[in-house]
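A quick write-up on the structure given underneath.
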There are 2 protein chains.
Amino acid sequence: MKATDDERLARAALSRLAEPGDEELGGLVLRDGPVAVWRGIERGSLSAKGLLRWRTRLVDLDPQADLARIQAAGGRLVCPGDFEWPSQLDLPEPWARQRPLALWVRGDVDLRLACLRSVAVVGSRAATSYGASVATELAASLAEKGWTVVSGAAYGIDAAAHRGALAVGGITVAVLACGADVSYPRSHDALLRRIADEGVVVSELPPGSAPSRMRFLVRNRIIAALSRGTVVVEAALRSGARSTAGHAGHFGREVMAVPGPVTSALSAGCHESIREGALCVTGAADVIEAVGVMGGDAVEERRGEERPTDRLDPDSLQVFEALPARRPAQLAGLVRRSGLDPSTVLRCLGALQRAGLAEGSDAGWRMRPPDCGT
Amino acid sequence: MKATDDERLARAALSRLAEPGDEELGGLVLRDGPVAVWRGIERGSLSAKGLLRWRTRLVDLDPQADLARIQAAGGRLVCPGDFEWPSQLDLPEPWARQRPLALWVRGDVDLRLACLRSVAVVGSRAATSYGASVATELAASLAEKGWTVVSGAAYGIDAAAHRGALAVGGITVAVLACGADVSYPRSHDALLRRIADEGVVVSELPPGSAPSRMRFLVRNRIIAALSRGTVVVEAALRSGARSTAGHAGHFGREVMAVPGPVTSALSAGCHESIREGALCVTGAADVIEAVGVMGGDAVEERRGEERPTDRLDPDSLQVFEALPARRPAQLAGLVRRSGLDPSTVLRCLGALQRAGLAEGSDAGWRMRPPDCGT
């Protein structure tokens, strides 16, 4: 089930060839598989008309070098089929052809496990102090309750959200519009290193890629798809954060917005979203109430590929989802999060440990990423 | 159609006898009419069991004196059947028995015409400066666009709303939980006098009545019923303003709330209302978009009683509703408000003038309250 080396090489090459979200390439890969498509291109036939626009990039393609480069940066390429691939990115039509070809990631945390219970917290670069403090608080509260905070590492709300999660030792995922090894904005160099140390930095662009206006917009769909819901903390009427929320809505994810003073132009986008149907959220409790519904979770949104969690009984699945990805949790915390009684939780932990899905220590229990896919 | 003197006297007496909203008395009046009910009580038969609790008040009843007293205060008693009676108070079951027996009013403006196009703006007594300034702005904007602002004359948001409307020469209606001639709170004496001078002060309690906790709550249903929608500007989670909004929702009126900082306890009630379905409004434009829908207006909510406007064609009705109750408007303004072309507006104004519903002068056009009901 794990992606083969050929597939990995082909996806690395194709992700360097075309711009992210290229639907023509995506459609071909979906139909023929990455290896066949890449071989066709190697043989000199950029048959699809739309692909011709990328032909100038063919001369520089060296997927082996890109793979070596991400490895040198302490990272890896995560492909569909890998255990670490977040299955919530496998959206149905009409978005299937926009699926990332692969994700270049840096960070010790398993991306899929980190995003099982995640919320995107996004907003304006030009945040007010109100917005920045609300984003920090919200992210910290979500992280404290075991939720991963996904954002875009931009100035303002994004940075505040990442910092809020990091401040309480939580997991945060930064989805970049440039290479996962590129520090953009430059002044977020330290922040991005910290996110890679304690969470995950993700990009569908190969190492060294520079950001562009288009890449920011296309990147937003990944933030929306990775998480169970998107919270816009502050946004002007026209803003990238609202585009992320728009994607979330299309993908069937919860769209949420934080209200603010009606006198603030940076809350106007949030209020407009609420008027258009976004849920008005005032804190982590509101967010969790909206996205934390039992049974509506990402694990069950799988499509076709078998997961190690597929054969778990409902109670064990519930306990599995209550497990933290990184910092171990004590039994009492797992009882609270799973909503099951202690003896049931203990029974399920035993089953999960035997299935290789949980590991226990003196510090408590946490998820255990398998060494490879099943 | 106008209430007879006997009816007027009976309603004055009954409104002194029972507490506002008494459903048993309301039911009897609805079934037998105010005169028969009052005669029965005069004859010494407080037959209905629930009415017995008011029997100590029988000795002091002097409806003639009450009518003289409101007249001395420059006011009058408005009864169902009078042209000035706002037909939107004639709610269907299960609220019909809570209909005010009569309204004691002070003010030169016709209550029914003033409330044809009205919005309630309510909120916390302990308003923040944010809330007070939003309420003032909102009320001023609504008044400038020809909307009457209804509120409860309390400290905080209510007072700010009245003042905002008055500041731009608009009409405002204060619904009190004490006699219409009583200044409560005492420090709003000047404000209440100004409202009576330029708008209307209303109460279902007879002159001289003191407020009580129960009377405040029961009063809220009138604020909600009089207006096309209720906007809560600031409210704690538990607050009287939210009870007004609750009534508005039950009565099929638009329920609206102004968002604010999530860090403010006085916006928490507004956010909770929005989460429960209230419309998030950020200014007068949002409010008018919600309540100003053509065809959904109070004039058409009549029940049974014939109105002078009943036989108007749709265009004339639209122009009638665009007419200001007090300060005359020029043709251009009426064209804008009615959404009809100038020649249609002129034709309709002629018809309205002939029907005695509009009066023209050098200053422009305004509604003309008839001398008596038809």
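Residues in the structure tokens are named by chain (A, B, ... in the order shown) and by number from 1 within that chain; ligands are numbered from 1 in the order shown.
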
Enumerate, as a list of chain:residue names, the complete set of residues in segment 44-187 of chain B that a backbone-based DSSP assignment places in strand (DSSP E or B).
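DSSP-assigned strand (DSSP E or B) residues in segment 44-187 of chain B: B:Gly75, B:Arg76, B:Leu77, B:Val78, B:Leu103, B:Trp104, B:Val105, B:Arg106, B:Ser118, B:Val119, B:Ala120, B:Val121, B:Val122, B:Thr148, B:Val149, B:Val150, B:Ser151, B:Thr172, B:Val173, B:Ala174, B:Val175.
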
Would you give me, as a tab-separated table (two decimals) with N, CA and C atoms, in the first residue's frame, the residues of chain B that come within 9 Å of chain A, using only C-alpha atoms?
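Contents of part06.tsv, freshly written:
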chain	number	residue	atom	x	y	z
B	130	TYR	N	-18.24	51.18	23.51
B	130	TYR	CA	-18.41	50.59	22.17
B	130	TYR	C	-19.90	50.41	21.88
B	134	VAL	N	-22.14	52.36	19.09
B	134	VAL	CA	-22.76	51.61	18.00
B	134	VAL	C	-24.28	51.84	18.00
B	258	VAL	N	-25.90	42.70	17.10
B	258	VAL	CA	-24.65	43.34	16.66
B	258	VAL	C	-23.49	42.60	17.32
B	259	PRO	N	-22.53	42.13	16.54
B	259	PRO	CA	-21.38	41.45	17.15
B	259	PRO	C	-20.46	42.46	17.81
B	260	GLY	N	-19.56	41.97	18.61
B	260	GLY	CA	-18.57	42.82	19.27
B	260	GLY	C	-17.37	41.97	19.61
B	261	PRO	N	-16.43	42.53	20.36
B	261	PRO	CA	-15.25	41.74	20.72
B	261	PRO	C	-15.65	40.49	21.50
B	262	VAL	N	-15.04	39.35	21.18
B	262	VAL	CA	-15.38	38.12	21.93
B	262	VAL	C	-14.84	38.20	23.35
B	263	THR	N	-14.00	39.19	23.59
B	263	THR	CA	-13.44	39.39	24.93
B	263	THR	C	-14.38	40.21	25.82
B	268	ALA	N	-21.35	38.92	24.71
B	268	ALA	CA	-21.55	37.46	24.77
B	268	ALA	C	-23.00	37.08	24.46
B	271	HIS	N	-23.53	37.34	20.69
B	271	HIS	CA	-22.92	36.23	19.96
B	271	HIS	C	-23.74	34.95	20.16
B	272	GLU	N	-24.24	34.76	21.37
B	272	GLU	CA	-25.05	33.57	21.64
B	272	GLU	C	-26.33	33.65	20.80
B	274	ILE	N	-26.69	35.15	17.94
B	274	ILE	CA	-26.32	34.87	16.55
B	274	ILE	C	-26.15	33.36	16.36
B	275	ARG	N	-25.52	32.72	17.33
B	275	ARG	CA	-25.33	31.27	17.24
B	275	ARG	C	-26.68	30.54	17.27
B	279	LEU	N	-29.86	37.22	13.18
B	279	LEU	CA	-29.08	37.73	12.07
B	279	LEU	C	-27.96	38.61	12.61
B	280	CYS	N	-26.76	38.43	12.09
B	280	CYS	CA	-25.62	39.27	12.47
B	280	CYS	C	-25.70	40.57	11.67
B	281	VAL	N	-25.89	41.68	12.35
B	281	VAL	CA	-25.99	42.97	11.64
B	281	VAL	C	-24.89	43.90	12.11
B	282	THR	N	-24.31	44.63	11.15
B	282	THR	CA	-23.19	45.50	11.49
B	282	THR	C	-23.53	46.98	11.29
B	283	GLY	N	-24.73	47.26	10.83
B	283	GLY	CA	-25.10	48.65	10.64
B	283	GLY	C	-26.51	48.73	10.07

Apply DSSP to the backbone of this structure and, from segment 98-195 of chain B, keep only the residues in helix (DSSP H, G or I); write these as a ChimeraX atom specification.
/B:98,111-116,129-144,157-167,186-195

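Residues with any atom within 10 Å of Arg69 of chain A, counting only C-alpha atoms and excluding same-chain neighbours fewer than 5 positions away, are Pro63, Gln64, Gly74, Gly75, Arg76, Asp181, Pro206, Pro207 and Gly208 of chain A.
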
N, CA and C atoms of the current selection, written as an mmCIF file, in the first residue's frame:
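What follows is the written file part.cif:
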data_model
loop_
_atom_site.group_PDB
_atom_site.id
_atom_site.type_symbol
_atom_site.label_atom_id
_atom_site.label_comp_id
_atom_site.auth_asym_id
_atom_site.auth_seq_id
_atom_site.Cartn_x
_atom_site.Cartn_y
_atom_site.Cartn_z
ATOM 1 N N PRO A 63 14.421 14.918 -10.112
ATOM 2 C CA PRO A 63 13.674 14.521 -8.918
ATOM 3 C C PRO A 63 14.563 13.864 -7.857
ATOM 4 N N GLN A 64 15.595 13.117 -8.287
ATOM 5 C CA GLN A 64 16.510 12.507 -7.312
ATOM 6 C C GLN A 64 17.156 13.585 -6.450
ATOM 7 N N GLY A 74 16.153 17.488 6.544
ATOM 8 C CA GLY A 74 15.476 16.754 7.622
ATOM 9 C C GLY A 74 14.039 16.420 7.276
ATOM 10 N N GLY A 75 13.713 16.425 5.983
ATOM 11 C CA GLY A 75 12.326 16.192 5.597
ATOM 12 C C GLY A 75 12.122 14.941 4.771
ATOM 13 N N ARG A 76 10.949 14.844 4.152
ATOM 14 C CA ARG A 76 10.595 13.666 3.370
ATOM 15 C C ARG A 76 9.469 14.011 2.406
ATOM 16 N N ASP A 181 11.395 24.009 2.749
ATOM 17 C CA ASP A 181 12.694 24.371 3.310
ATOM 18 C C ASP A 181 12.979 25.868 3.165
ATOM 19 N N PRO A 206 8.216 21.704 -4.491
ATOM 20 C CA PRO A 206 9.501 21.069 -4.175
ATOM 21 C C PRO A 206 10.446 22.036 -3.467
ATOM 22 N N PRO A 207 11.489 21.499 -2.844
ATOM 23 C CA PRO A 207 12.413 22.325 -2.075
ATOM 24 C C PRO A 207 12.916 23.522 -2.882
ATOM 25 N N GLY A 208 13.094 24.640 -2.213
ATOM 26 C CA GLY A 208 13.665 25.820 -2.848
ATOM 27 C C GLY A 208 12.678 26.683 -3.613
#

Tell me, as a ChimeraX atom specification, which residues lie within 7 Å of Val201 of chain B, counting only C-alpha atoms; anything in the same chain fewer than 3 positions away does not count.
/B:105-107,173-175,180,195-196

Go ahead and save the residues from that selection, with N, CA and C atoms, as a JSON list (two decimals), in the first residue's frame.
[["chain", "number", "residue", "atom", "x", "y", "z"],
["B", 105, "VAL", "N", -50.52, 57.08, 25.91],
["B", 105, "VAL", "CA", -49.39, 57.65, 25.14],
["B", 105, "VAL", "C", -49.27, 59.16, 25.35],
["B", 106, "ARG", "N", -48.05, 59.63, 25.24],
["B", 106, "ARG", "CA", -47.75, 61.07, 25.22],
["B", 106, "ARG", "C", -46.92, 61.32, 23.97],
["B", 107, "GLY", "N", -47.20, 62.41, 23.26],
["B", 107, "GLY", "CA", -46.42, 62.74, 22.08],
["B", 107, "GLY", "C", -47.29, 63.16, 20.94],
["B", 173, "VAL", "N", -39.72, 56.02, 19.65],
["B", 173, "VAL", "CA", -40.83, 55.62, 20.51],
["B", 173, "VAL", "C", -40.26, 54.94, 21.75],
["B", 174, "ALA", "N", -40.61, 55.46, 22.91],
["B", 174, "ALA", "CA", -40.17, 54.84, 24.17],
["B", 174, "ALA", "C", -41.33, 54.08, 24.77],
["B", 175, "VAL", "N", -41.14, 52.79, 25.01],
["B", 175, "VAL", "CA", -42.17, 51.98, 25.65],
["B", 175, "VAL", "C", -41.75, 51.76, 27.10],
["B", 180, "ALA", "N", -46.89, 56.49, 31.51],
["B", 180, "ALA", "CA", -46.28, 57.28, 30.44],
["B", 180, "ALA", "C", -45.93, 58.68, 30.93],
["B", 195, "ILE", "N", -38.44, 62.94, 24.02],
["B", 195, "ILE", "CA", -39.08, 61.89, 23.21],
["B", 195, "ILE", "C", -40.56, 62.21, 23.03],
["B", 196, "ALA", "N", -41.22, 62.67, 24.12],
["B", 196, "ALA", "CA", -42.64, 63.02, 24.02],
["B", 196, "ALA", "C", -42.84, 64.21, 23.07]]

Just the residues within 8 Å of Thr172 of chain B, please, counting only C-alpha atoms, with nothing from its chain fewer than 5 positions along; format it as a PDB file with N, CA and C atoms, in the first residue's frame.
ATOM      1  N   THR B 148     -38.379  54.549  12.308  1.00  0.00           N
ATOM      2  CA  THR B 148     -38.603  54.923  13.698  1.00  0.00           C
ATOM      3  C   THR B 148     -37.849  53.949  14.603  1.00  0.00           C
ATOM      4  N   VAL B 149     -37.200  54.498  15.623  1.00  0.00           N
ATOM      5  CA  VAL B 149     -36.437  53.666  16.555  1.00  0.00           C
ATOM      6  C   VAL B 149     -37.246  53.462  17.830  1.00  0.00           C
ATOM      7  N   VAL B 150     -37.582  52.226  18.122  1.00  0.00           N
ATOM      8  CA  VAL B 150     -38.351  51.876  19.323  1.00  0.00           C
ATOM      9  C   VAL B 150     -37.394  51.340  20.378  1.00  0.00           C
ATOM     10  N   SER B 151     -37.527  51.795  21.614  1.00  0.00           N
ATOM     11  CA  SER B 151     -36.696  51.226  22.670  1.00  0.00           C
ATOM     12  C   SER B 151     -37.365  51.428  24.019  1.00  0.00           C
ATOM     13  N   HIS B 162     -32.358  56.026  21.605  1.00  0.00           N
ATOM     14  CA  HIS B 162     -33.284  57.164  21.527  1.00  0.00           C
ATOM     15  C   HIS B 162     -32.528  58.428  21.121  1.00  0.00           C
ATOM     16  N   ALA B 165     -31.489  58.663  17.432  1.00  0.00           N
ATOM     17  CA  ALA B 165     -32.603  59.009  16.543  1.00  0.00           C
ATOM     18  C   ALA B 165     -32.949  60.492  16.674  1.00  0.00           C
ATOM     19  N   LEU B 166     -32.999  60.979  17.923  1.00  0.00           N
ATOM     20  CA  LEU B 166     -33.340  62.388  18.145  1.00  0.00           C
ATOM     21  C   LEU B 166     -32.287  63.313  17.526  1.00  0.00           C
ATOM     22  N   ILE B 195     -38.441  62.941  24.018  1.00  0.00           N
ATOM     23  CA  ILE B 195     -39.082  61.889  23.214  1.00  0.00           C
ATOM     24  C   ILE B 195     -40.562  62.214  23.031  1.00  0.00           C
ATOM     25  N   GLU B 198     -40.900  64.959  20.404  1.00  0.00           N
ATOM     26  CA  GLU B 198     -40.572  64.684  18.997  1.00  0.00           C
ATOM     27  C   GLU B 198     -40.946  63.278  18.561  1.00  0.00           C
ATOM     28  N   GLY B 199     -41.453  62.492  19.486  1.00  0.00           N
ATOM     29  CA  GLY B 199     -41.832  61.128  19.137  1.00  0.00           C
ATOM     30  C   GLY B 199     -43.022  60.709  19.973  1.00  0.00           C
ATOM     31  N   VAL B 200     -42.963  59.532  20.556  1.00  0.00           N
ATOM     32  CA  VAL B 200     -44.068  59.049  21.381  1.00  0.00           C
ATOM     33  C   VAL B 200     -43.522  58.302  22.595  1.00  0.00           C
TER      34      VAL B 200
END

Report as a ChimeraX atom specification all protein, DNA and RNA residues lying within 6 Å of Ser338 of chain A, evaluated on only C-alpha atoms, omitting residues in the same chain fewer than 5 positions from it.
/A:318-319,322

Find the residues around Pro324 of chain A up to 7 Å (only C-alpha atoms counted), leave out those fewer than 4 positions away in its own chain, and share them as a list in words.
Gly146, Pro328, Ala329, Arg366 and Met367 of chain A

For the residues selected in the previous step, produce a file with C-alpha atoms as an mmCIF file, in the first residue's frame.
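So the final result, stored in selection26.cif, reads:
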data_model
loop_
_atom_site.group_PDB
_atom_site.id
_atom_site.type_symbol
_atom_site.label_atom_id
_atom_site.label_comp_id
_atom_site.auth_asym_id
_atom_site.auth_seq_id
_atom_site.Cartn_x
_atom_site.Cartn_y
_atom_site.Cartn_z
ATOM 1 C CA GLY A 146 -5.523 18.005 21.896
ATOM 2 C CA PRO A 328 1.577 11.277 25.969
ATOM 3 C CA ALA A 329 -1.721 11.687 27.861
ATOM 4 C CA ARG A 366 0.024 8.336 22.610
ATOM 5 C CA MET A 367 -0.581 7.284 19.017
#

I need the residue nearest Arg253 of chain B from this list: B:Arg228, B:Arg55, B:Lys49, B:Arg238. Use only C-alpha atoms for the distance.
B:Arg228

Could you check which of B:Pro211, B:Gly26, B:Gly339, B:Gly246 is closest to Glu93 of chain B, using only C-alpha atoms?
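Closest candidate: B:Gly26.
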
Go ahead and compute the interatomic distance for atom CA of Arg242 of chain B and atom CA of Ile288 of chain A, in Å to one decimal.
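Computed distance, atom CA of Arg242 of chain B to atom CA of Ile288 of chain A, equals 25.2 Å.
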
Smallest atom-to-atom distance to Val291 of chain B: which of B:Pro92, B:Pro342, B:Gly229, B:Pro314, using only C-alpha atoms?
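Among B:Pro92, B:Pro342, B:Gly229, B:Pro314, it is B:Gly229 that comes nearest to Val291 of chain B.
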
Counting only C-alpha atoms, figure out which residue out of A:Leu30, A:Ala325, A:Leu46, A:Leu346 gets nearest to Gln98 of chain A.
A:Leu30
